There are 2 protein chains.
Amino acid sequence: MAGKLFAMGTGPGSSDLLTIRAVNCLSSLTILYAPAGRQGGNSLALSIVQPYLADHVQIKLRHFPMTADSQQKQQQWDAIAQEMATDVQQNNIVGFISLGDIMLFSTWVNLLTRLRDQITIEVIPGITSFAYIASRCAFPLAMEQQSMAVISCTASAEEIESALIQHQSLVLMKVTANFALVKQLLIKHHLIQHAILVSNAALETECICHDISALDEQQKLPYFTTILVNKLW
Amino acid sequence: MAGKLFAMGTGPGSSDLLTIRAVNCLSSLTILYAPAGRQGGNSLALSIVQPYLADHVQIKLRHFPMTADSQQKQQQWDAIAQEMATDVQQNNIVGFISLGDIMLFSTWVNLLTRLRDQITIEVIPGITSFAYIASRCAFPLAMEQQSMAVISCTASAEEIESALIQHQSLVLMKVTANFALVKQLLIKHHLIQHAILVSNAALETECICHDISALDEQQKLPYFTTILVNKLW
């Protein structure tokens, strides 16, 4: 059997939010690359897929830089890509996993650009954290004629405010980067009653807040914190 | 066992793009409500979930209006919601299915508003068509600091153009409503080389176009046609 690389989104945090296609693929892997957490070794993405892996699979925990914005990080990506390409060329069925959906805000793009001309790749989508949150809270993302913006709260205040004005529905990711600002903008534009905040979606530590106005602006929120806004809900 | 309503996104069109959670739920249903197609009886969503249904499940094909913008349509929604509520109150495990993700551009919201205070509801997310398309074409939706807008091409020319200027990544849905305009805007803003068009994603009739400039503006595109734009790809 010829080697191949499967890149998969694991969904937000619960093993049963994987697709059937991803599960079938996971059981056929001979090698799985999983992101190692900062504290060395723990991988949330790995724990999500663990129930579906074959006994004989070789797990390669690797540290994947969050960006590729320096020569040193570029070299780290080059080295991981080279290792994956070699594994595939040796006829392994190789997997790479990433939280949520693999084509949205995923570092996978750094591997894709390096590998797409070298080896056979198949990409399998995953449930995004915001789709899960919308279902979990029965809070519509966008309805009928609404437009939706998905933005990171690492963006500038102007960019966040302009999106809040322009779109009827918003997903604000990485809220912890700028919570005080975001809360003030939601109050200013009378949107705080049309918003929900969820931390650690689909994890055991999941926390849902329907009253953002009650949250202390200086509160340290978990890294995985998202706000949904829908002006008609 | 007490009655309950499960609302599920089926994903874009392939049975193995359902989540494990959705599949487990489907096999437990005693009644499934599925949207009947315009030609009477055919239901794409039903064909996607069919492999996972129990033999004894009762299938109720119903015509669901696309909107609730008239008194007549409101009454149709009222009647369907009432029928569902009665089924749940009689201790049935009832399912409702919708293409793609159930909380994004789905008519499910018309049932949710009517039923959420009456019966127990659990919502299960699905893979959106644009997440599938991004994976299928290895075309990133949004990377790192990019913001993404999801808009319907039934919107005004001004709204579409403003989103094309403001966001680095865009999902243009319902392209067929306004293809000539969208193509002209993509050319005007030098984005046509950064865009792909996909019709009937994940279906047997799937069609992928990497060169939108070659498409006739007057061409009648399939109803399920989506364009992805990424200015950095």
# chains A, B, ... in the order shown; residues from 1 in each chain; ligands from 1
call {"tool": "interface_residues", "arguments": {"of": "chain A", "to": "chain B", "cutoff": "9 Å", "atoms": "only C-alpha atoms", "output": "ChimeraX atom specification"}}
result
/A:7-8,15-24,66-67,101-107,109,112,116,121-128,131-152,154-155,159,163,166-167
call {"tool": "select_by_dssp", "arguments": {"residues": "chain B", "states": "helix (DSSP H, G or I)", "output": "VMD selection string"}}
result
chain B and resid 15 to 17 20 to 26 44 to 52 71 to 89 108 to 115 129 to 136 157 to 166 175 to 177 179 to 188 192 to 194 212 to 214
call {"tool": "write_last_selection", "arguments": {"atoms": "C-alpha atoms", "output": "PDB file, in the first residue's frame"}}
result
ATOM      1  CA  SER B  15     -22.777   9.781   5.162  1.00  0.00           C
ATOM      2  CA  ASP B  16     -19.285   9.394   6.635  1.00  0.00           C
ATOM      3  CA  LEU B  17     -19.078  13.118   7.383  1.00  0.00           C
ATOM      4  CA  ILE B  20     -20.121   9.648  15.950  1.00  0.00           C
ATOM      5  CA  ARG B  21     -22.524  11.466  18.279  1.00  0.00           C
ATOM      6  CA  ALA B  22     -25.025  11.982  15.460  1.00  0.00           C
ATOM      7  CA  VAL B  23     -24.746   8.342  14.341  1.00  0.00           C
ATOM      8  CA  ASN B  24     -25.308   7.036  17.896  1.00  0.00           C
ATOM      9  CA  CYS B  25     -28.316   9.297  18.196  1.00  0.00           C
ATOM     10  CA  LEU B  26     -29.793   8.349  14.810  1.00  0.00           C
ATOM     11  CA  LEU B  44     -30.964  14.691   0.421  1.00  0.00           C
ATOM     12  CA  ALA B  45     -30.634  14.976   4.203  1.00  0.00           C
ATOM     13  CA  LEU B  46     -32.570  11.716   4.609  1.00  0.00           C
ATOM     14  CA  SER B  47     -30.333   9.869   2.142  1.00  0.00           C
ATOM     15  CA  ILE B  48     -27.272  10.973   4.161  1.00  0.00           C
ATOM     16  CA  VAL B  49     -28.548   9.555   7.464  1.00  0.00           C
ATOM     17  CA  GLN B  50     -30.348   6.495   6.039  1.00  0.00           C
ATOM     18  CA  PRO B  51     -27.475   4.004   6.689  1.00  0.00           C
ATOM     19  CA  TYR B  52     -27.644   4.658  10.429  1.00  0.00           C
ATOM     20  CA  GLN B  71     -48.655  34.456   8.168  1.00  0.00           C
ATOM     21  CA  GLN B  72     -49.244  31.347   6.078  1.00  0.00           C
ATOM     22  CA  LYS B  73     -45.661  30.146   6.575  1.00  0.00           C
ATOM     23  CA  GLN B  74     -45.817  30.954  10.279  1.00  0.00           C
ATOM     24  CA  GLN B  75     -48.863  28.702  10.500  1.00  0.00           C
ATOM     25  CA  GLN B  76     -47.039  25.902   8.645  1.00  0.00           C
ATOM     26  CA  TRP B  77     -44.178  26.138  11.178  1.00  0.00           C
ATOM     27  CA  ASP B  78     -46.663  26.204  14.050  1.00  0.00           C
ATOM     28  CA  ALA B  79     -48.306  23.019  12.797  1.00  0.00           C
ATOM     29  CA  ILE B  80     -45.027  21.112  12.371  1.00  0.00           C
ATOM     30  CA  ALA B  81     -43.767  22.258  15.774  1.00  0.00           C
ATOM     31  CA  GLN B  82     -47.033  21.138  17.377  1.00  0.00           C
ATOM     32  CA  GLU B  83     -46.775  17.701  15.758  1.00  0.00           C
ATOM     33  CA  MET B  84     -43.179  17.317  16.991  1.00  0.00           C
ATOM     34  CA  ALA B  85     -44.060  18.428  20.506  1.00  0.00           C
ATOM     35  CA  THR B  86     -46.897  15.895  20.647  1.00  0.00           C
ATOM     36  CA  ASP B  87     -44.568  13.110  19.487  1.00  0.00           C
ATOM     37  CA  VAL B  88     -42.027  13.980  22.192  1.00  0.00           C
ATOM     38  CA  GLN B  89     -44.735  14.260  24.879  1.00  0.00           C
ATOM     39  CA  TRP B 108     -34.258  24.772  12.346  1.00  0.00           C
ATOM     40  CA  VAL B 109     -34.350  28.145  14.133  1.00  0.00           C
ATOM     41  CA  ASN B 110     -38.061  28.377  13.267  1.00  0.00           C
ATOM     42  CA  LEU B 111     -38.682  25.167  15.227  1.00  0.00           C
ATOM     43  CA  LEU B 112     -36.269  26.013  18.038  1.00  0.00           C
ATOM     44  CA  THR B 113     -38.080  29.249  18.895  1.00  0.00           C
ATOM     45  CA  ARG B 114     -41.399  27.392  19.040  1.00  0.00           C
ATOM     46  CA  LEU B 115     -40.242  24.306  20.962  1.00  0.00           C
ATOM     47  CA  SER B 129     -20.210  22.859   3.472  1.00  0.00           C
ATOM     48  CA  PHE B 130     -17.407  25.428   3.557  1.00  0.00           C
ATOM     49  CA  ALA B 131     -15.304  23.444   6.065  1.00  0.00           C
ATOM     50  CA  TYR B 132     -15.692  20.405   3.803  1.00  0.00           C
ATOM     51  CA  ILE B 133     -14.771  22.421   0.685  1.00  0.00           C
ATOM     52  CA  ALA B 134     -11.685  23.870   2.385  1.00  0.00           C
ATOM     53  CA  SER B 135     -10.494  20.358   3.292  1.00  0.00           C
ATOM     54  CA  ARG B 136     -11.446  18.864  -0.080  1.00  0.00           C
ATOM     55  CA  ALA B 157     -23.789  44.563  -3.978  1.00  0.00           C
ATOM     56  CA  GLU B 158     -22.529  47.098  -1.412  1.00  0.00           C
ATOM     57  CA  GLU B 159     -22.528  44.539   1.373  1.00  0.00           C
ATOM     58  CA  ILE B 160     -20.692  41.927  -0.695  1.00  0.00           C
ATOM     59  CA  GLU B 161     -18.113  44.448  -1.916  1.00  0.00           C
ATOM     60  CA  SER B 162     -17.509  45.865   1.540  1.00  0.00           C
ATOM     61  CA  ALA B 163     -16.918  42.359   2.936  1.00  0.00           C
ATOM     62  CA  LEU B 164     -14.503  41.605   0.065  1.00  0.00           C
ATOM     63  CA  ILE B 165     -12.510  44.720   0.958  1.00  0.00           C
ATOM     64  CA  GLN B 166     -12.593  44.320   4.723  1.00  0.00           C
ATOM     65  CA  VAL B 175     -23.484  32.171  -5.333  1.00  0.00           C
ATOM     66  CA  THR B 176     -26.050  31.236  -7.957  1.00  0.00           C
ATOM     67  CA  ALA B 177     -28.284  34.128  -6.786  1.00  0.00           C
ATOM     68  CA  PHE B 179     -22.923  35.074  -9.906  1.00  0.00           C
ATOM     69  CA  ALA B 180     -22.350  37.775 -12.551  1.00  0.00           C
ATOM     70  CA  LEU B 181     -22.001  40.447  -9.873  1.00  0.00           C
ATOM     71  CA  VAL B 182     -19.749  38.325  -7.664  1.00  0.00           C
ATOM     72  CA  LYS B 183     -17.454  37.473 -10.571  1.00  0.00           C
ATOM     73  CA  GLN B 184     -17.159  41.161 -11.518  1.00  0.00           C
ATOM     74  CA  LEU B 185     -16.337  42.125  -7.926  1.00  0.00           C
ATOM     75  CA  LEU B 186     -13.678  39.410  -7.671  1.00  0.00           C
ATOM     76  CA  ILE B 187     -12.055  40.694 -10.879  1.00  0.00           C
ATOM     77  CA  LYS B 188     -12.316  44.349  -9.814  1.00  0.00           C
ATOM     78  CA  ILE B 192     -10.187  35.932  -8.718  1.00  0.00           C
ATOM     79  CA  GLN B 193      -6.791  34.193  -8.506  1.00  0.00           C
ATOM     80  CA  HIS B 194      -7.324  33.768  -4.758  1.00  0.00           C
ATOM     81  CA  ILE B 212     -13.491  31.242 -11.998  1.00  0.00           C
ATOM     82  CA  SER B 213     -12.491  33.728 -14.716  1.00  0.00           C
ATOM     83  CA  ALA B 214     -13.175  31.003 -17.298  1.00  0.00           C
TER      84      ALA B 214
END
call {"tool": "select_by_dssp", "arguments": {"residues": "chain B", "states": "strand (DSSP E)", "output": "MDAnalysis selection string"}}
result
chainID B and resid 4:9 31:35 58:62 93:98 121:124 148:152 169:173 195:199 207:209 225:230
call {"tool": "closest_residue", "arguments": {"among": "B:Ile227, B:Leu232, B:Leu99, B:Ala2", "to": "Ala202 of chain B", "atoms": "only C-alpha atoms"}}
result
B:Leu99
call {"tool": "residues_around", "arguments": {"residues": "Asp55 of chain A", "least_positions_apart": "2", "cutoff": "10 Å", "atoms": "only C-alpha atoms", "output": "JSON list (two decimals) with C-alpha atoms, in the first residue's frame"}}
result
[["chain", "number", "residue", "atom", "x", "y", "z"],
["A", 27, "SER", "CA", -7.80, 3.11, 12.77],
["A", 30, "THR", "CA", 0.70, 3.40, 11.17],
["A", 52, "TYR", "CA", -9.92, 5.02, 17.77],
["A", 53, "LEU", "CA", -6.22, 4.31, 17.25],
["A", 57, "VAL", "CA", 0.29, 2.82, 15.79],
["A", 58, "GLN", "CA", 3.49, 4.75, 16.46]]
call {"tool": "atom_distance", "arguments": {"atom1": "atom CA of His189 of chain A", "atom2": "atom CA of Ile208 of chain A"}}
result
22.0 Å
call {"tool": "residues_around", "arguments": {"residues": "Val198 of chain B", "least_positions_apart": "2", "cutoff": "8 Å", "atoms": "only C-alpha atoms", "output": "list in words"}}
result
Ile133, Ile196, Asn200, Ala201, Glu206, Cys207, Ile208, Cys209, Thr225, Thr226 and Ile227 of chain B
call {"tool": "atom_distance", "arguments": {"atom1": "atom CA of Ile97 of chain A", "atom2": "atom CA of Tyr33 of chain A"}}
result
6.9 Å
call {"tool": "atom_distance", "arguments": {"atom1": "atom CA of Lys4 of chain A", "atom2": "atom CA of Phe64 of chain A"}}
result
20.3 Å
